[in-house]
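Enquirer: I'd like to ask some things about the structure below.
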Amino acid sequence: MGVLVDSQKEGFGSSWGGLKNLVRRKQVDCAHTKRLDNHQLAKELTIPHLIAVGVGSTIGAGVYILVGAVAREHSGPALTMCFLIAGIAAALSAFCYAELASRCPSAGSAYHYSYICVGEGVAWLVGWALILEYTIGGSAVARGISPNLALLFGGENSLPTFLARQHFPGLDVMVDPCAAVLVLIVTGFLCLGIKESALAQGIATAVNVFAMLFVIIAGGYLGFKTGWTGYEVPTGYFPFGVDGMLAGSATVFFSYIGFDTVASTAEEAKNPKRDLPLGIALSLSICCCLYMLVSIVIVGLVPYYAMDPDTPISSAFASNGMQWAAYIITVGAVTALISTLMGSILPQPRILMAMARDGLLPSFFLDVNKHTQVPVNSTLATGIVASILAFFMDVSQLAGMVSVGTLLAFTMVAVSVLILRYVPPDEVPLPLSLQESIDSYKLRHNSDAQMINGENPAKSPGDPCLPLLGEKNVAVDCTVVEKLEALSSFTAGTLDEENRRKIAGWTIMLICVGAFMLTFAASNLWFSSLIRFTLCGAGGLLLLSGLVILTCIDQDDERHNFGHAGGFICPFVPLLPISCILINVYLLINLEVATWVRVSVWLMVGVLIYIFYGRRHSSLLNAIYVPKAHVDEIYRSSGAIL
């Protein structure tokens with residue numbers, strides 16, 4: 001590798017038109033970039049705040065309904081196993097998030113990690129998909145609050161007229177003023193400050209958790225009193241077999257989505273290297289334990305085939321003479337929805353701000369309030385759009401689109417961990433304003449290196465190598481020497497750094513291809529048996545080969561110095577990230593076709609915005625890439641950090 005790589009001369013930036021702009025990668029936030037960036041968020045969050053955000057964003061009202069549907073259709077009494085398997089699968093992504101969040105503690109979550117490790121094009125698609133996820137998700141949650149509020153106050157028509165749902169037959173539109181008002185109230189809380197909004201979300205989460213604890217304790221008492229009749233069924237513990245249990249696990253997996261909200265607040269954590277991994281791990285563990293305990297109780301109270309699919313928990317208590325428990329359960333559902341609504345709106349302004357920092361979106365989204373240190377413009381824009389959607393649109397049919405953004409983010413985070421470990425970025429983009437310092441350093445460094453090696457500074461780069469063994473009349477071409485060195489390193493069982501990085505990079509790409517081939521063929525039963533088995537075999541072979549190769553070759557030594565070193569380290573690499581990729585790609589492949597059609601339209605809109613705006617305004621447009629080893633010296637010589 002050369003001393004310096006100029007983006008305009010070596011192919012980065014403006015001289016790389018078209019597709020090559022998609023692979024440019026940004027630098028992990030450091031002292032140099034932070035001094036140049038005046039749009040910093042407040043560092044206010046501690047572990048309790050992060051747990052409140054994680055649990056509140058994860059446990060929604062779905063658990064109060066989901067247990068009935070999954071038990072009746074997929075798992076039977078094995079519902080607890082479904083939540084356990086899904087929790088383990090979610091933990092794979094949580095491990096990957098924990099390492100990247102502690103190493104790269106900046107706003108943007110999966111978008112930020114993808115931009116650093118994969119490239120600008122993939123990062124844009126991930127960020128654009130997450131914008132869709134949080135917008136649709138927030139609107140869908142808001143529209144689910146008003147029916148539960150009405151039940152809490154006595155019935156469907158118990159809300160005041162100005163808050164009740166109204167149907168306009170001519171337009172075939174059901175407006176929901178209550179949902180829109182709630183979105184605006186939550187937006188106002190988020191504008192007050194991250195600490196205040198985390199406290200409000202924590203209060204709502206605490207009420208929800210107490211309601212779930214009531215279900216567990218009271219339900220456990222009823223279970224011991226009645227003898228756990230739900231488990232005494234003739235069909236056994238696995239009435240739908242192992243396949244049914246796995247199908248149920250895939251369904252309840254989405255009830256764990258939300259812990260990634262903790263990663264989106266990375267820039268606001270006081271001690272991100274310690275607090276973020278603990279916040280992610282503890283919030284996911286709490287959710288998994290609550291889910292499993294609730295499922296144990298409810299399945300034991302009522303046989304799975306007798307469960308009410310709409311109100312399984314309330315009906316289970318009512319069948320045992322505790323009709324009044326429905327009020328406590330409804331309060332838990334309402335507070336769960338409010339907490340989830342806050343968790344849906346909280347991350348999006350930070351993603352918008354991160355994309356605006358990188359120049360991919362207008363600077364309007366970059367503004368941070370000086371007093372509250374919250375991205376106010378991004379928060380207000382998010383709240384207004386979500387409230388409009390919640391008011392006018394029945395977004396329940398679009399709810400599946402939420403899953404695409406989440407699963408895509410989970411997949412790219414796992415890929416980013418593999419890249420970080422085996423082929424971390426070895427070049428850093430510097431602004432064009434440092435061009436003079438870079439040129440000066442380049443001349444000085446090249447001159448010093450040539451004098452140390454006894455070379456002639458005027459020597460052409462294309463000349464043959466210097467004589468070997470002191471014989472002045474012997475010259476050997478450089479390519480011959482490189483081949484001999486590569487051969488000797490191969491026979492010795494070692495790889496030089498350049499070849500190791502090439503092998504690791506291609507292997508990671510083939511692992512992604514293999515995961516897609518295997519899951520696509522396994523999920524499409526309309527393929528002929530020969531085609532299915534061939535594609536499954538080829539995909540499985542690529543995955544297994546990739547796992548073996550990455551296990552055998554060394555990880556990059558620079559991984560210890562990448563980003564903010566000393567934080568959480570993801571275990572079982574490369575097995576854990578590869579398993580995470582396989583699970584998330586499988587879930588992506590099995591989403592409905594209509595969902596993919598809608599998401600494809602949204603992504604095409606994003607591609608057009610990137611082509612006509614983001615690509616031309618990217619902060620890396622004229623960046624100059626230099627090896628990491630020389631960055632500090634260049635900044636020092638320019639006087640930028642002294």
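Quick note on naming: the chains in the structure tokens go A, B, ... in the order shown, residues restart at 1 in each chain, and ligands are numbered from 1 in order of appearance.
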Quick one: everything within 7 Å of stretch 109-118 of chain A, counting only C-alpha atoms, minus sequence neighbours fewer than 5 positions away in the same chain. Send it as a PyMOL selection string.

Expert: chain A and resi 23+25-28+100+123+126-127+263-264+409+412-413+416+419-420+424-425

Enquirer: When you look at A:Trp324 with a cut-off of 12 Å (counting only C-alpha atoms), what residues show up, excluding the ones that are within fewer than 6 positions of it in the same chain? I need them as a list in words.

Expert: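 The contact residues come out as Leu152, Ser314, Ser315, Ala316, Phe317, Ala318, Thr330 and Val331 of chain A.
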
Enquirer: Might you pull out every residue within 6 Å of A:Thr58, with only C-alpha atoms counted and same-chain residues fewer than 5 positions away left off, and present them as a compact mmCIF listing (two decimals) with N, CA and C atoms, in the first residue's frame?

Expert:
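Full text of out14.txt as output:
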# COMPACT_ATOMS: atom_id res chain seq x y z
N TYR A 256 -39.50 -9.21 19.79
CA TYR A 256 -38.24 -8.79 20.41
C TYR A 256 -37.64 -7.56 19.71
N ILE A 257 -38.25 -7.14 18.63
CA ILE A 257 -37.74 -5.97 17.93
C ILE A 257 -37.95 -4.73 18.81
N GLY A 258 -36.91 -3.96 18.98
CA GLY A 258 -36.99 -2.76 19.82
C GLY A 258 -35.73 -2.52 20.61

Enquirer: I need the residue nearest A:Gly400 from this list: A:Arg598, A:Arg444, A:Lys273, A:Arg357. Use only C-alpha atoms for the distance.

Expert: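 The shortest atom-to-atom distance to A:Gly400 comes from A:Arg598.
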
Enquirer: For A:Val593, list every protein, DNA or RNA residue within 12 Å, evaluated using only C-alpha atoms, and leave out those in the same chain fewer than 5 positions away; present the list as a list of chain:residue names.

Expert: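 Close residues of A:Val593: A:Gly400, A:Met401, A:Val404, A:Leu588, A:Arg598, A:Val599, A:Ser600.
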
Enquirer: Given the selection you just returned, output its residues as a file containing all heavy atoms, formatted as a PDB file, in the first residue's frame.

Expert:
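So again34.pdb came out as:
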ATOM      1  N   GLY A 400     -46.375  -4.800   7.915  1.00  0.00           N
ATOM      2  CA  GLY A 400     -45.333  -5.746   7.530  1.00  0.00           C
ATOM      3  C   GLY A 400     -44.086  -5.070   7.007  1.00  0.00           C
ATOM      4  O   GLY A 400     -42.988  -5.648   7.071  1.00  0.00           O
ATOM      5  N   MET A 401     -44.240  -3.842   6.510  1.00  0.00           N
ATOM      6  CA  MET A 401     -43.080  -3.109   5.995  1.00  0.00           C
ATOM      7  C   MET A 401     -42.102  -2.761   7.112  1.00  0.00           C
ATOM      8  O   MET A 401     -40.921  -2.540   6.853  1.00  0.00           O
ATOM      9  CB  MET A 401     -43.557  -1.840   5.287  1.00  0.00           C
ATOM     10  CG  MET A 401     -44.466  -2.116   4.099  1.00  0.00           C
ATOM     11  SD  MET A 401     -45.251  -0.632   3.425  1.00  0.00           S
ATOM     12  CE  MET A 401     -43.858   0.201   2.722  1.00  0.00           C
ATOM     13  N   VAL A 404     -39.141  -5.265   7.355  1.00  0.00           N
ATOM     14  CA  VAL A 404     -38.063  -5.217   6.370  1.00  0.00           C
ATOM     15  C   VAL A 404     -36.911  -4.357   6.868  1.00  0.00           C
ATOM     16  O   VAL A 404     -35.744  -4.762   6.810  1.00  0.00           O
ATOM     17  CB  VAL A 404     -38.587  -4.686   5.018  1.00  0.00           C
ATOM     18  CG1 VAL A 404     -37.437  -4.521   4.024  1.00  0.00           C
ATOM     19  CG2 VAL A 404     -39.628  -5.638   4.447  1.00  0.00           C
ATOM     20  N   LEU A 588     -36.465 -12.477   6.142  1.00  0.00           N
ATOM     21  CA  LEU A 588     -36.721 -11.532   5.049  1.00  0.00           C
ATOM     22  C   LEU A 588     -37.341 -12.230   3.844  1.00  0.00           C
ATOM     23  O   LEU A 588     -38.306 -11.728   3.244  1.00  0.00           O
ATOM     24  CB  LEU A 588     -35.413 -10.851   4.631  1.00  0.00           C
ATOM     25  CG  LEU A 588     -34.932  -9.660   5.458  1.00  0.00           C
ATOM     26  CD1 LEU A 588     -33.514  -9.278   5.071  1.00  0.00           C
ATOM     27  CD2 LEU A 588     -35.862  -8.472   5.267  1.00  0.00           C
ATOM     28  N   ARG A 598     -44.424  -3.189  -1.842  1.00  0.00           N
ATOM     29  CA  ARG A 598     -44.518  -1.857  -1.242  1.00  0.00           C
ATOM     30  C   ARG A 598     -43.143  -1.331  -0.845  1.00  0.00           C
ATOM     31  O   ARG A 598     -42.813  -0.154  -1.072  1.00  0.00           O
ATOM     32  CB  ARG A 598     -45.437  -1.903  -0.013  1.00  0.00           C
ATOM     33  CG  ARG A 598     -46.868  -2.317  -0.301  1.00  0.00           C
ATOM     34  CD  ARG A 598     -47.726  -2.206   0.943  1.00  0.00           C
ATOM     35  NE  ARG A 598     -49.056  -2.746   0.755  1.00  0.00           N
ATOM     36  CZ  ARG A 598     -49.486  -3.890   1.265  1.00  0.00           C
ATOM     37  NH1 ARG A 598     -48.673  -4.611   2.021  1.00  0.00           N
ATOM     38  NH2 ARG A 598     -50.711  -4.312   1.049  1.00  0.00           N
ATOM     39  N   VAL A 599     -42.327  -2.208  -0.237  1.00  0.00           N
ATOM     40  CA  VAL A 599     -40.993  -1.782   0.183  1.00  0.00           C
ATOM     41  C   VAL A 599     -40.132  -1.433  -1.020  1.00  0.00           C
ATOM     42  O   VAL A 599     -39.339  -0.475  -0.982  1.00  0.00           O
ATOM     43  CB  VAL A 599     -40.330  -2.886   1.031  1.00  0.00           C
ATOM     44  CG1 VAL A 599     -38.869  -2.557   1.300  1.00  0.00           C
ATOM     45  CG2 VAL A 599     -41.068  -3.048   2.346  1.00  0.00           C
ATOM     46  N   SER A 600     -40.275  -2.183  -2.103  1.00  0.00           N
ATOM     47  CA  SER A 600     -39.485  -1.904  -3.304  1.00  0.00           C
ATOM     48  C   SER A 600     -39.779  -0.519  -3.863  1.00  0.00           C
ATOM     49  O   SER A 600     -38.872   0.192  -4.318  1.00  0.00           O
ATOM     50  CB  SER A 600     -39.756  -2.974  -4.376  1.00  0.00           C
ATOM     51  OG  SER A 600     -39.374  -4.252  -3.914  1.00  0.00           O
TER      52      SER A 600
END

Enquirer: Residues within 9 Å of A:His617, please, as a ChimeraX atom specification. Count only C-alpha atoms; anything in the same chain fewer than 5 positions from it doesn't count.

Expert: /A:358-362

Enquirer: Closest to A:Glu99 among A:Pro77, A:Gly546, A:Gly566, A:Pro160, using only C-alpha atoms?

Expert: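 Counting only C-alpha atoms, the residue closest to A:Glu99 is A:Gly566.
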
Enquirer: Taking the backbone alone, and naming residues the way the document does, which bits of stretch 194-442 of chain A are helix (DSSP H, G or I) by DSSP, as a ChimeraX atom specification?

Expert: /A:194-226,229-231,241-256,260-264,266-268,272-301,304-306,312-318,325-345,347-357,363-366,376-392,395-398,400-422,432-442

Enquirer: Which is closest to A:Val70 among A:Gly563, A:Gly540, A:Pro169, A:Pro309, if we use only C-alpha atoms?

Expert: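 Nearest candidate to A:Val70 out of A:Gly563, A:Gly540, A:Pro169, A:Pro309: A:Pro309.
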
Enquirer: My list of candidates is A:Ile438, A:Ile286, A:Leu389, A:Val299. Which is closest to A:Tyr635 when distances are computed with only C-alpha atoms?

Expert: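 When distances to A:Tyr635 are compared using only C-alpha atoms, the smallest one comes from A:Ile438.
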
Enquirer: What's around A:Gly108 at 6 Å? Count only C-alpha atoms, leave out sequence neighbours fewer than 5 positions away in its own chain, and write the answer as a list in words.

Expert: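 Listed by chain and then number, they are Ser264, Arg350, Ile351 and Ala354 of chain A.
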
Enquirer: Those residues you just picked out, can you put them in a file as a PDB file, in the first residue's frame with all heavy atoms?

Expert:
ATOM      1  N   SER A 264     -29.489   3.284  19.003  1.00  0.00           N
ATOM      2  CA  SER A 264     -29.687   4.582  18.343  1.00  0.00           C
ATOM      3  C   SER A 264     -29.397   5.745  19.282  1.00  0.00           C
ATOM      4  O   SER A 264     -29.178   6.870  18.833  1.00  0.00           O
ATOM      5  CB  SER A 264     -31.119   4.685  17.811  1.00  0.00           C
ATOM      6  OG  SER A 264     -32.045   4.774  18.882  1.00  0.00           O
ATOM      7  N   ARG A 350     -32.683  10.810  15.133  1.00  0.00           N
ATOM      8  CA  ARG A 350     -31.227  10.618  15.220  1.00  0.00           C
ATOM      9  C   ARG A 350     -30.668  10.026  13.938  1.00  0.00           C
ATOM     10  O   ARG A 350     -29.539  10.324  13.553  1.00  0.00           O
ATOM     11  CB  ARG A 350     -30.919   9.733  16.427  1.00  0.00           C
ATOM     12  CG  ARG A 350     -31.047  10.518  17.729  1.00  0.00           C
ATOM     13  CD  ARG A 350     -31.657   9.740  18.859  1.00  0.00           C
ATOM     14  NE  ARG A 350     -31.826  10.616  20.038  1.00  0.00           N
ATOM     15  CZ  ARG A 350     -32.878  11.404  20.228  1.00  0.00           C
ATOM     16  NH1 ARG A 350     -33.872  11.409  19.359  1.00  0.00           N
ATOM     17  NH2 ARG A 350     -32.960  12.182  21.296  1.00  0.00           N
ATOM     18  N   ILE A 351     -31.452   9.183  13.262  1.00  0.00           N
ATOM     19  CA  ILE A 351     -31.015   8.666  11.967  1.00  0.00           C
ATOM     20  C   ILE A 351     -31.037   9.780  10.926  1.00  0.00           C
ATOM     21  O   ILE A 351     -30.111   9.913  10.112  1.00  0.00           O
ATOM     22  CB  ILE A 351     -31.908   7.484  11.548  1.00  0.00           C
ATOM     23  CG1 ILE A 351     -31.663   6.298  12.487  1.00  0.00           C
ATOM     24  CG2 ILE A 351     -31.637   7.077  10.104  1.00  0.00           C
ATOM     25  CD1 ILE A 351     -32.570   5.120  12.233  1.00  0.00           C
ATOM     26  N   ALA A 354     -28.043  11.922  11.573  1.00  0.00           N
ATOM     27  CA  ALA A 354     -26.800  11.279  11.153  1.00  0.00           C
ATOM     28  C   ALA A 354     -26.643  11.329   9.636  1.00  0.00           C
ATOM     29  O   ALA A 354     -25.540  11.577   9.125  1.00  0.00           O
ATOM     30  CB  ALA A 354     -26.786   9.829  11.643  1.00  0.00           C
TER      31      ALA A 354
END

Enquirer: Counting only C-alpha atoms, which residues of stretch 342-443 of chain A fall within 10 Å of stretch 507-525 of chain A, and what is the closest atom pair for each with its distance in Å at one decimal, ordered by chain and rising number, as a tab-separated table?

Expert:
residue	atom	partner	partner_atom	distance
A:Thr411	CA	A:Cys512	CA	9.4
A:Val415	CA	A:Ile508	CA	7.6
A:Ser416	CA	A:Ile508	CA	9.9
A:Leu418	CA	A:Ile508	CA	7.2
A:Ile419	CA	A:Ile508	CA	7.6
A:Tyr422	CA	A:Ile508	CA	9.1
A:Val423	CA	A:Ile508	CA	9.6

Enquirer: Could you take the residues named above and write them with all heavy atoms, as a PDB file, in the first residue's frame?

Expert:
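The resulting file, result_10.pdb, is shown below:
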ATOM      1  N   THR A 411     -29.266  -7.745   9.606  1.00  0.00           N
ATOM      2  CA  THR A 411     -28.353  -8.454   8.699  1.00  0.00           C
ATOM      3  C   THR A 411     -27.081  -7.659   8.469  1.00  0.00           C
ATOM      4  O   THR A 411     -25.964  -8.200   8.548  1.00  0.00           O
ATOM      5  CB  THR A 411     -29.056  -8.722   7.353  1.00  0.00           C
ATOM      6  OG1 THR A 411     -30.248  -9.472   7.579  1.00  0.00           O
ATOM      7  CG2 THR A 411     -28.148  -9.505   6.416  1.00  0.00           C
ATOM      8  N   VAL A 415     -23.053  -8.434   9.242  1.00  0.00           N
ATOM      9  CA  VAL A 415     -22.014  -8.339   8.202  1.00  0.00           C
ATOM     10  C   VAL A 415     -20.931  -7.351   8.626  1.00  0.00           C
ATOM     11  O   VAL A 415     -19.732  -7.594   8.414  1.00  0.00           O
ATOM     12  CB  VAL A 415     -22.648  -7.919   6.855  1.00  0.00           C
ATOM     13  CG1 VAL A 415     -21.564  -7.629   5.819  1.00  0.00           C
ATOM     14  CG2 VAL A 415     -23.581  -9.009   6.352  1.00  0.00           C
ATOM     15  N   SER A 416     -21.332  -6.259   9.256  1.00  0.00           N
ATOM     16  CA  SER A 416     -20.361  -5.255   9.694  1.00  0.00           C
ATOM     17  C   SER A 416     -19.409  -5.810  10.747  1.00  0.00           C
ATOM     18  O   SER A 416     -18.234  -5.460  10.780  1.00  0.00           O
ATOM     19  CB  SER A 416     -21.096  -4.021  10.243  1.00  0.00           C
ATOM     20  OG  SER A 416     -21.875  -3.405   9.244  1.00  0.00           O
ATOM     21  N   LEU A 418     -18.367  -8.934  10.920  1.00  0.00           N
ATOM     22  CA  LEU A 418     -17.392  -9.743  10.193  1.00  0.00           C
ATOM     23  C   LEU A 418     -16.353  -8.856   9.509  1.00  0.00           C
ATOM     24  O   LEU A 418     -15.147  -9.161   9.525  1.00  0.00           O
ATOM     25  CB  LEU A 418     -18.104 -10.611   9.152  1.00  0.00           C
ATOM     26  CG  LEU A 418     -18.963 -11.761   9.699  1.00  0.00           C
ATOM     27  CD1 LEU A 418     -19.669 -12.476   8.547  1.00  0.00           C
ATOM     28  CD2 LEU A 418     -18.111 -12.739  10.481  1.00  0.00           C
ATOM     29  N   ILE A 419     -16.803  -7.762   8.902  1.00  0.00           N
ATOM     30  CA  ILE A 419     -15.871  -6.854   8.236  1.00  0.00           C
ATOM     31  C   ILE A 419     -14.932  -6.216   9.245  1.00  0.00           C
ATOM     32  O   ILE A 419     -13.719  -6.116   9.018  1.00  0.00           O
ATOM     33  CB  ILE A 419     -16.653  -5.785   7.445  1.00  0.00           C
ATOM     34  CG1 ILE A 419     -17.388  -6.429   6.275  1.00  0.00           C
ATOM     35  CG2 ILE A 419     -15.719  -4.691   6.947  1.00  0.00           C
ATOM     36  CD1 ILE A 419     -18.294  -5.480   5.524  1.00  0.00           C
ATOM     37  N   TYR A 422     -12.282  -8.921  10.276  1.00  0.00           N
ATOM     38  CA  TYR A 422     -11.370  -9.502   9.294  1.00  0.00           C
ATOM     39  C   TYR A 422     -10.813  -8.498   8.291  1.00  0.00           C
ATOM     40  O   TYR A 422      -9.672  -8.618   7.864  1.00  0.00           O
ATOM     41  CB  TYR A 422     -12.083 -10.634   8.539  1.00  0.00           C
ATOM     42  CG  TYR A 422     -12.336 -11.845   9.398  1.00  0.00           C
ATOM     43  CD1 TYR A 422     -13.548 -12.023  10.058  1.00  0.00           C
ATOM     44  CD2 TYR A 422     -11.357 -12.806   9.571  1.00  0.00           C
ATOM     45  CE1 TYR A 422     -13.784 -13.123  10.865  1.00  0.00           C
ATOM     46  CE2 TYR A 422     -11.571 -13.922  10.370  1.00  0.00           C
ATOM     47  CZ  TYR A 422     -12.787 -14.072  11.020  1.00  0.00           C
ATOM     48  OH  TYR A 422     -12.996 -15.164  11.816  1.00  0.00           O
ATOM     49  N   VAL A 423     -11.610  -7.520   7.888  1.00  0.00           N
ATOM     50  CA  VAL A 423     -11.133  -6.530   6.913  1.00  0.00           C
ATOM     51  C   VAL A 423     -11.573  -5.126   7.322  1.00  0.00           C
ATOM     52  O   VAL A 423     -12.310  -4.457   6.591  1.00  0.00           O
ATOM     53  CB  VAL A 423     -11.621  -6.850   5.476  1.00  0.00           C
ATOM     54  CG1 VAL A 423     -10.804  -7.940   4.843  1.00  0.00           C
ATOM     55  CG2 VAL A 423     -13.109  -7.243   5.476  1.00  0.00           C
TER      56      VAL A 423
END
